[in-house]
Amino acid sequence: MKNRLITLVDLGLDSSFDASMTFVQGITGNINAGWDQPVIDVNFVRTRDHETAFSALTTPSTVLHVMAHGDHSEEPSFLSTDGQTQVSLKSLADWFLDRQWGIASGVVIADGCKTGIGKWQRAIRDCLQDDITYIGTSTVIGWYEATVFCSAFYGALVRNRGLGRTPAEQGWDAANRAIRAYETLTDARCPYKPVLLTPSRRALRSLTG
């Protein structure tokens, strides 16, 4: 059976996002510890180049995990702390239309503030090749919320090999387990929420050219 592939994309580009990415890489490294062969493969991309970012976002993966500021003042976008790097979902959808491929991951974690609102969900659907479990946030989050949720999520994701279940189904189960763990550990409502999303009509037209 093929290993699960986790694609980590840092578009926040500051020390806090670096710390969060290092934490997630540590989690995946711990999961692989003790096995003769790794059970999780990891792609890690930190970039300001849009073409590189778009290529990373459309890499077929079990989980696509993007860390950045969530901005929707004009249109849903991933934004760096200094404001110099902005990757809008509209631009990604246009790129999808030109190349006839888009996000091909069973699970997408948009690890930024307020990325779970309806405006973000509608925009991400224009970028999809297939059904996904989309995990966004309902409020402003920081390093603490991200690391507590992600440690529980990745631990739950690899609790079994997922035989007979799609990556999206595995992600849905792991997200809900992680939410319960988060709320038990913190005595607070979890800001991360999963939702099942399907490609929009525009995305389906992009696939057919």
# chains A, B, ... in the order shown; residues from 1 in each chain; ligands from 1

call {"tool": "residues_around", "arguments": {"residues": "A:Val158", "least_positions_apart": "3", "cutoff": "10 Å", "atoms": "only C-alpha atoms", "output": "NGL selection string"}}
result
:A and (4 or 28 or 31 or 39-40 or 153-155 or 161-162 or 170 or 174)

call {"tool": "write_last_selection", "arguments": {"atoms": "N, CA, C and O atoms", "output": "PDB file, in the first residue's frame"}}
result
ATOM      1  N   ARG A   4       0.855   7.391   2.866  1.00  0.00           N
ATOM      2  CA  ARG A   4       0.158   8.668   2.826  1.00  0.00           C
ATOM      3  C   ARG A   4       1.172   9.768   2.544  1.00  0.00           C
ATOM      4  O   ARG A   4       2.284   9.756   3.070  1.00  0.00           O
ATOM      5  N   THR A  28       4.999  14.296  12.238  1.00  0.00           N
ATOM      6  CA  THR A  28       5.085  13.267  11.196  1.00  0.00           C
ATOM      7  C   THR A  28       6.356  12.442  11.345  1.00  0.00           C
ATOM      8  O   THR A  28       6.360  11.243  11.074  1.00  0.00           O
ATOM      9  N   ILE A  31       5.654   9.905  14.033  1.00  0.00           N
ATOM     10  CA  ILE A  31       4.792   8.828  13.534  1.00  0.00           C
ATOM     11  C   ILE A  31       5.624   7.805  12.772  1.00  0.00           C
ATOM     12  O   ILE A  31       5.389   6.589  12.881  1.00  0.00           O
ATOM     13  N   VAL A  39       5.757   5.484   7.131  1.00  0.00           N
ATOM     14  CA  VAL A  39       4.346   5.295   6.778  1.00  0.00           C
ATOM     15  C   VAL A  39       3.740   6.592   6.248  1.00  0.00           C
ATOM     16  O   VAL A  39       2.645   6.597   5.707  1.00  0.00           O
ATOM     17  N   ILE A  40       4.459   7.699   6.429  1.00  0.00           N
ATOM     18  CA  ILE A  40       4.044   9.002   5.909  1.00  0.00           C
ATOM     19  C   ILE A  40       5.216   9.613   5.152  1.00  0.00           C
ATOM     20  O   ILE A  40       6.347   9.627   5.644  1.00  0.00           O
ATOM     21  N   PHE A 153      -4.945  15.681  15.061  1.00  0.00           N
ATOM     22  CA  PHE A 153      -5.391  15.286  13.719  1.00  0.00           C
ATOM     23  C   PHE A 153      -4.464  14.249  13.103  1.00  0.00           C
ATOM     24  O   PHE A 153      -4.921  13.206  12.616  1.00  0.00           O
ATOM     25  N   TYR A 154      -3.168  14.507  13.102  1.00  0.00           N
ATOM     26  CA  TYR A 154      -2.249  13.570  12.448  1.00  0.00           C
ATOM     27  C   TYR A 154      -2.140  12.259  13.220  1.00  0.00           C
ATOM     28  O   TYR A 154      -1.967  11.198  12.618  1.00  0.00           O
ATOM     29  N   GLY A 155      -2.264  12.332  14.538  1.00  0.00           N
ATOM     30  CA  GLY A 155      -2.304  11.095  15.312  1.00  0.00           C
ATOM     31  C   GLY A 155      -3.508  10.249  14.963  1.00  0.00           C
ATOM     32  O   GLY A 155      -3.410   9.019  14.812  1.00  0.00           O
ATOM     33  N   ARG A 161      -4.757   1.995   8.738  1.00  0.00           N
ATOM     34  CA  ARG A 161      -4.308   2.201   7.365  1.00  0.00           C
ATOM     35  C   ARG A 161      -5.417   2.674   6.432  1.00  0.00           C
ATOM     36  O   ARG A 161      -5.186   2.926   5.259  1.00  0.00           O
ATOM     37  N   GLY A 162      -6.643   2.796   6.950  1.00  0.00           N
ATOM     38  CA  GLY A 162      -7.708   3.364   6.141  1.00  0.00           C
ATOM     39  C   GLY A 162      -8.207   2.473   5.022  1.00  0.00           C
ATOM     40  O   GLY A 162      -8.697   2.959   4.005  1.00  0.00           O
ATOM     41  N   GLN A 170     -11.192   9.374   5.414  1.00  0.00           N
ATOM     42  CA  GLN A 170     -10.218   9.257   6.491  1.00  0.00           C
ATOM     43  C   GLN A 170      -9.988  10.616   7.159  1.00  0.00           C
ATOM     44  O   GLN A 170      -9.880  10.709   8.383  1.00  0.00           O
ATOM     45  N   ALA A 174     -10.629  11.715  11.040  1.00  0.00           N
ATOM     46  CA  ALA A 174      -9.526  12.246  11.834  1.00  0.00           C
ATOM     47  C   ALA A 174      -9.836  13.640  12.360  1.00  0.00           C
ATOM     48  O   ALA A 174      -9.507  13.972  13.507  1.00  0.00           O
TER      49      ALA A 174
END

call {"tool": "select_by_dssp", "arguments": {"residues": "stretch 21-161 of chain A", "states": "helix (DSSP H, G or I)", "output": "PyMOL selection string"}}
result
chain A and resi 21-32+50-57+89-99+118-125+143-157

call {"tool": "residues_around", "arguments": {"residues": "stretch 180-189 of chain A", "least_positions_apart": "5", "cutoff": "10 Å", "atoms": "only C-alpha atoms", "output": "list in words"}}
result
Glu145, Val148, Phe149, Cys150, Ser151, Ala152, Phe153, Ala156 and Ala175 of chain A

call {"tool": "closest_residue", "arguments": {"among": "A:Ser73, A:Val24, A:Lys193, A:Gly106", "to": "A:Arg165", "atoms": "only C-alpha atoms"}}
result
A:Gly106

call {"tool": "residues_around", "arguments": {"residues": "A:Tyr134", "least_positions_apart": "6", "cutoff": "7 Å", "atoms": "only C-alpha atoms", "output": "list of chain:residue names"}}
result
A:Val107, A:Val108, A:Ile109, A:Pro194, A:Val195, A:Leu196, A:Leu197

call {"tool": "write_last_selection", "arguments": {"atoms": "N, CA and C atoms", "output": "JSON list (two decimals), in the first residue's frame"}}
result
[["chain", "number", "residue", "atom", "x", "y", "z"],
["A", 107, "VAL", "N", -7.78, 15.72, 1.50],
["A", 107, "VAL", "CA", -8.01, 16.60, 2.65],
["A", 107, "VAL", "C", -7.24, 17.89, 2.43],
["A", 108, "VAL", "N", -7.89, 19.02, 2.69],
["A", 108, "VAL", "CA", -7.22, 20.32, 2.64],
["A", 108, "VAL", "C", -7.40, 20.99, 3.99],
["A", 109, "ILE", "N", -6.29, 21.33, 4.64],
["A", 109, "ILE", "CA", -6.32, 22.10, 5.87],
["A", 109, "ILE", "C", -5.87, 23.51, 5.55],
["A", 194, "PRO", "N", -14.51, 20.67, 9.96],
["A", 194, "PRO", "CA", -14.45, 20.02, 8.65],
["A", 194, "PRO", "C", -15.77, 20.15, 7.90],
["A", 195, "VAL", "N", -15.69, 20.19, 6.60],
["A", 195, "VAL", "CA", -16.88, 20.18, 5.75],
["A", 195, "VAL", "C", -16.53, 19.42, 4.49],
["A", 196, "LEU", "N", -17.49, 18.69, 3.95],
["A", 196, "LEU", "CA", -17.28, 17.98, 2.70],
["A", 196, "LEU", "C", -17.61, 18.91, 1.54],
["A", 197, "LEU", "N", -16.67, 19.08, 0.62],
["A", 197, "LEU", "CA", -16.87, 19.97, -0.52],
["A", 197, "LEU", "C", -16.73, 19.21, -1.82]]

call {"tool": "atom_distance", "arguments": {"atom1": "atom CA of A:Arg159", "atom2": "atom CA of A:Thr62"}}
result
14.7 Å
